[in-house]
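K.L.:
This is the content of my_file-v8.txt (compact mmCIF, C-alpha atoms and all ligand atoms):
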```
# COMPACT_ATOMS: atom_id res chain seq x y z
CA MET A 1 86.30 101.32 121.88
CA ALA A 2 86.82 102.30 118.28
CA THR A 3 87.46 99.31 116.10
CA GLU A 4 88.83 100.55 112.78
CA ARG A 5 90.01 99.15 109.50
CA THR A 6 93.05 100.60 107.78
CA PHE A 7 94.94 99.97 104.57
CA ALA A 8 98.55 98.83 104.98
CA MET A 9 101.20 97.95 102.44
CA VAL A 10 104.69 96.52 102.28
CA LYS A 11 106.16 98.61 99.47
CA PRO A 12 108.34 97.17 96.64
CA ASP A 13 111.58 97.87 98.54
CA GLY A 14 110.28 95.91 101.52
CA VAL A 15 109.28 92.94 99.36
CA ARG A 16 112.62 93.02 97.47
CA ARG A 17 114.55 93.08 100.74
CA GLY A 18 112.67 90.17 102.28
CA LEU A 19 110.92 92.24 104.95
CA VAL A 20 107.37 90.93 104.40
CA GLY A 21 107.66 88.43 107.22
CA THR A 22 109.12 90.98 109.62
CA VAL A 23 106.38 93.52 108.91
CA VAL A 24 103.57 90.96 109.10
CA SER A 25 105.08 89.58 112.28
CA ARG A 26 105.00 93.02 113.92
CA ILE A 27 101.37 93.51 112.86
CA GLU A 28 100.38 90.16 114.32
CA ALA A 29 102.41 90.69 117.49
CA LYS A 30 100.70 94.03 118.01
CA GLY A 31 97.34 92.33 117.83
CA TYR A 32 95.78 93.72 114.68
CA ARG A 33 93.77 91.24 112.67
CA ILE A 34 94.77 90.89 109.02
CA VAL A 35 91.40 90.74 107.25
CA GLY A 36 92.72 91.15 103.70
CA MET A 37 96.07 90.42 102.03
CA ARG A 38 97.26 90.25 98.44
CA LEU A 39 100.61 90.21 96.63
CA MET A 40 100.41 92.31 93.48
CA THR A 41 102.28 94.62 91.14
CA ILE A 42 100.31 97.86 91.14
CA PRO A 43 99.18 99.03 87.68
CA ARG A 44 100.17 102.61 86.88
CA GLU A 45 96.63 104.01 86.88
CA MET A 46 95.94 102.47 90.28
CA ALA A 47 99.15 104.01 91.66
CA GLU A 48 98.17 107.43 90.31
CA ARG A 49 94.77 107.10 91.99
CA HIS A 50 96.27 105.89 95.27
CA TYR A 51 98.70 108.83 95.41
CA GLY A 52 96.27 111.31 93.77
CA GLU A 53 96.77 113.86 96.58
CA HIS A 54 100.42 114.22 95.48
CA GLN A 55 99.71 114.81 91.76
CA GLY A 56 101.69 117.83 90.56
CA LYS A 57 104.34 117.61 93.28
CA PRO A 58 107.97 117.16 92.20
CA PHE A 59 108.22 113.70 93.75
CA PHE A 60 104.98 112.40 92.16
CA GLU A 61 106.52 110.75 89.06
CA PRO A 62 109.39 109.07 90.93
CA LEU A 63 106.89 107.96 93.60
CA VAL A 64 104.60 106.32 91.02
CA ALA A 65 107.61 104.75 89.26
CA PHE A 66 108.83 103.34 92.57
CA ILE A 67 105.50 102.00 93.82
CA THR A 68 104.92 100.18 90.49
CA SER A 69 108.50 98.84 90.31
CA GLY A 70 107.75 95.41 91.76
CA PRO A 71 105.25 93.49 93.83
CA VAL A 72 103.78 94.91 97.01
CA VAL A 73 101.86 93.19 99.78
CA ALA A 74 98.56 95.05 100.27
CA MET A 75 96.64 94.45 103.48
CA VAL A 76 93.57 95.47 105.42
CA LEU A 77 94.15 95.58 109.18
CA GLU A 78 91.44 95.67 111.81
CA GLY A 79 91.73 96.64 115.44
CA GLU A 80 91.30 99.24 118.14
CA ASP A 81 92.46 102.62 116.74
CA ALA A 82 94.20 100.74 113.93
CA ILE A 83 94.64 103.79 111.67
CA ALA A 84 96.78 105.90 114.02
CA GLY A 85 98.25 102.78 115.62
CA TRP A 86 99.65 101.43 112.36
CA ARG A 87 100.98 104.89 111.44
CA GLY A 88 102.76 104.91 114.79
CA MET A 89 104.28 101.49 114.15
CA MET A 90 105.60 102.70 110.77
CA GLY A 91 107.17 105.86 112.17
CA ALA A 92 107.77 109.20 110.46
CA THR A 93 107.55 109.41 106.65
CA ASN A 94 111.23 110.33 106.45
CA PRO A 95 113.26 107.48 107.97
CA LYS A 96 115.79 110.10 109.10
CA ASP A 97 113.12 111.32 111.53
CA ALA A 98 111.66 107.92 112.40
CA ALA A 99 112.29 106.65 115.91
CA ALA A 100 114.16 103.42 116.56
CA GLY A 101 111.64 100.66 117.13
CA THR A 102 109.44 101.83 114.26
CA ILE A 103 109.50 100.07 110.89
CA ARG A 104 110.93 103.05 109.02
CA GLY A 105 113.30 103.82 111.88
CA ASP A 106 114.61 100.27 111.96
CA PHE A 107 114.61 99.28 108.27
CA ALA A 108 114.94 102.38 106.04
CA THR A 109 117.33 105.27 105.47
CA VAL A 110 115.76 107.46 102.75
CA ILE A 111 112.29 108.95 102.19
CA ASP A 112 111.98 107.58 98.63
CA GLU A 113 112.04 103.97 99.83
CA ASN A 114 110.43 103.75 103.23
CA VAL A 115 109.22 100.12 103.30
CA ALA A 116 105.61 100.55 104.42
CA HIS A 117 102.43 102.51 103.82
CA GLY A 118 99.44 103.22 106.03
CA SER A 119 96.27 105.25 105.60
CA ASP A 120 96.40 108.60 107.40
CA ALA A 121 92.69 109.07 108.30
CA PRO A 122 89.37 107.20 108.29
CA ALA A 123 88.26 108.66 104.94
CA THR A 124 91.64 107.76 103.41
CA ALA A 125 91.40 104.22 104.77
CA GLU A 126 87.98 103.74 103.20
CA ARG A 127 89.18 105.15 99.88
CA GLU A 128 92.37 103.07 99.78
CA ILE A 129 90.66 99.84 100.86
CA GLY A 130 88.22 100.49 98.00
CA ILE A 131 91.04 100.94 95.49
CA PHE A 132 92.84 97.74 96.45
CA PHE A 133 90.06 95.43 97.63
CA GLY A 134 86.84 97.07 96.38
CA GLU A 135 85.46 94.47 94.01
CA SER A 136 87.74 91.66 95.04
CA GLY A 137 85.68 89.82 97.63
CA LEU A 138 89.02 89.21 99.37
CA ILE A 139 88.24 90.83 102.72
CA ASP A 140 87.29 88.51 105.56
P1 LIG B 1 102.66 106.83 102.57
O1 LIG B 1 101.46 107.56 102.00
O2 LIG B 1 103.57 106.25 101.52
O3 LIG B 1 102.29 105.86 103.63
P2 LIG B 1 103.11 109.03 104.25
O4 LIG B 1 101.63 109.11 104.38
O5 LIG B 1 103.92 108.92 105.50
O6 LIG B 1 103.58 107.87 103.32
P3 LIG B 1 102.90 111.05 102.26
O7 LIG B 1 103.00 112.50 102.57
O8 LIG B 1 101.57 110.48 101.95
O9 LIG B 1 103.63 110.26 103.42
O10 LIG B 1 103.87 110.78 101.03
C1 LIG B 1 103.75 109.60 100.26
C2 LIG B 1 105.13 109.10 99.89
O11 LIG B 1 105.74 110.05 99.03
C3 LIG B 1 106.08 108.97 101.06
O12 LIG B 1 106.01 107.69 101.66
C4 LIG B 1 107.42 109.21 100.44
O13 LIG B 1 107.99 108.01 99.92
C5 LIG B 1 107.11 110.13 99.30
N1 LIG B 1 107.40 111.51 99.68
C6 LIG B 1 106.67 112.32 100.47
N2 LIG B 1 107.23 113.52 100.60
C7 LIG B 1 108.35 113.49 99.86
C8 LIG B 1 109.39 114.41 99.58
N3 LIG B 1 109.37 115.63 100.09
N4 LIG B 1 110.39 113.98 98.77
C9 LIG B 1 110.42 112.76 98.25
N5 LIG B 1 109.47 111.82 98.48
C10 LIG B 1 108.46 112.18 99.28
MG MG B 2 100.31 109.09 102.78
```
Step by step, read the file and then write its structure as structure tokens.
P.N.:
Amino acid sequence: MATERTFAMVKPDGVRRGLVGTVVSRIEAKGYRIVGMRLMTIPREMAERHYGEHQGKPFFEPLVAFITSGPVVAMVLEGEDAIAGWRGMMGATNPKDAAAGTIRGDFATVIDENVAHGSDAPATAEREIGIFFGESGLID
């Protein structure tokens, strides 16, 4: 047994398109526990920190512009192997490669707007949970 916590997000495109309920419903149906949840518009400096690994890449500026373009739903999920499990539920980064049945496979067509985010490793999860929920006292 490896109970993990991961950081998950419905990105601005998902919120704009009314997919919050669908995404949350899949998380709950899977059996992960939602231990933190907040609706927020990400400030620019927080977005730059969150996507710090991509600084300097050609898609960095458009990515920051997109992720700050409207409210997101930020979450902390808890469950058995939740980090890889949630990544699997989201599907490949590029929706063109994402299998049917995954969130990106079912609800997105282009890499720039791919509906959901999930931490890619335990250290990333800890870092991202800290960025979004660190001082908040909002985690169960
Ligand atoms: P995320 O971190 O958003 O959950 P990911 O971990 O699957 O996605 P990353 O490699 O971390 O993918 O890229 C972060 C985001 O940057 C992607 O979700 C995508 O929207 C965008 N992105 C990544 N690679 C490219 C690319 N080659 N061209 C355009 N956008 C890209
Ligand atoms: Mg990533």
K.L.:
So, with all atoms listed in the file as the atoms that count, which of A:Ile42, A:Ala47, A:Ala99, A:Val10 lies closest to A:Leu63?
P.N.:
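Checking each candidate against A:Leu63, we get A:Ala47 as the closest.
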K.L.:
Grab me every residue within 9 Å of ligand MG 2 (chain B), counting all atoms listed in the file, and send it over as number ranges by chain.
P.N.:
A: 51, 53-54, 93, 117-120, 124
K.L.:
Could you list, as a VMD selection string, all protein and nucleic acid residues with an atom at most 9 Å from ligand LIG 1 (chain B), counting all atoms listed in the file?
P.N.:
chain A and resid 8 to 9 11 50 to 51 53 to 54 57 to 60 62 to 64 66 to 67 87 90 to 94 110 to 120
K.L.:
Using all atoms listed in the file, which residue out of A:Val73, A:Pro122, A:Ala65, A:Thr102 lies closest to A:Gly21?
P.N.:
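Going through A:Val73, A:Pro122, A:Ala65, A:Thr102 one by one, the smallest distance to A:Gly21 is for A:Val73.
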K.L.:
Calculate how many Å separate atom CA of A:Gly134 from atom CA of A:Arg26, rounding to one decimal.
P.N.:
25.6 Å
K.L.:
Using the file's own x, y and z axes, what box holds all listed atoms of stretch 56-67 of chain A with 3 Å on each side, keeping edges along x, y and z, and what are its centre and edge lengths in Å to one decimal, as lines of an AutoDock Vina configuration file?
P.N.:
```
center_x = 105.5
center_y = 109.9
center_z = 91.4
size_x = 13.7
size_y = 21.8
size_z = 10.8
```
K.L.:
Quick one: pull the distance between atom CA of A:Gly14 and atom CA of A:Val72, Å, one decimal.
P.N.:
8.0 Å
K.L.:
Quick one: residues within 8 Å of A:Thr41, all atoms listed in the file counted, chain neighbours fewer than 6 positions away excluded, as a PDB file with C-alpha atoms, keeping the file's coordinate frame?
P.N.:
```pdb
ATOM      1  CA  THR A  68     104.920 100.180  90.490  1.00  0.00           C
ATOM      2  CA  SER A  69     108.500  98.840  90.310  1.00  0.00           C
ATOM      3  CA  GLY A  70     107.750  95.410  91.760  1.00  0.00           C
ATOM      4  CA  PRO A  71     105.250  93.490  93.830  1.00  0.00           C
ATOM      5  CA  VAL A  72     103.780  94.910  97.010  1.00  0.00           C
TER       6      VAL A  72
END
```
K.L.:
Give me, please, the distance in Å between atom CA of A:Met1 and atom CA of A:Glu78, quoted to one decimal.
P.N.:
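About the pair atom CA of A:Met1 and atom CA of A:Glu78: they are 12.6 Å apart.
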K.L.:
Which one of A:Ala98, A:Ile103, A:Leu77, A:Ala82 sits closest to A:Val23 if you count all atoms listed in the file?
P.N.:
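Of the candidates, the smallest distance to A:Val23 is held by A:Ile103.
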K.L.:
List the neighbours of A:Ala74 out to 8 Å using all atoms listed in the file; skip same-chain residues closer than 3 positions along the sequence, and give me the result as a list in words.
P.N.:
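Everything that qualifies: Phe7, Ala8, Met9, Val10, Gly36, Met37, Arg38, Leu39, Met40 and Phe132 of chain A.
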K.L.:
Go ahead and save the picked residues with C-alpha atoms, as a compact mmCIF listing (two decimals), in the frame of the given file.
P.N.:
```
# COMPACT_ATOMS: atom_id res chain seq x y z
CA PHE A 7 94.94 99.97 104.57
CA ALA A 8 98.55 98.83 104.98
CA MET A 9 101.20 97.95 102.44
CA VAL A 10 104.69 96.52 102.28
CA GLY A 36 92.72 91.15 103.70
CA MET A 37 96.07 90.42 102.03
CA ARG A 38 97.26 90.25 98.44
CA LEU A 39 100.61 90.21 96.63
CA MET A 40 100.41 92.31 93.48
CA PHE A 132 92.84 97.74 96.45
```
K.L.:
For each of A:Gly88, A:Ala108, A:Gly101, A:Arg33, take the minimum atom-to-atom distance to A:Arg17, counting only C-alpha atoms, then give the residue where this is smallest.
P.N.:
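The shortest atom-to-atom distance to A:Arg17 comes from A:Ala108.
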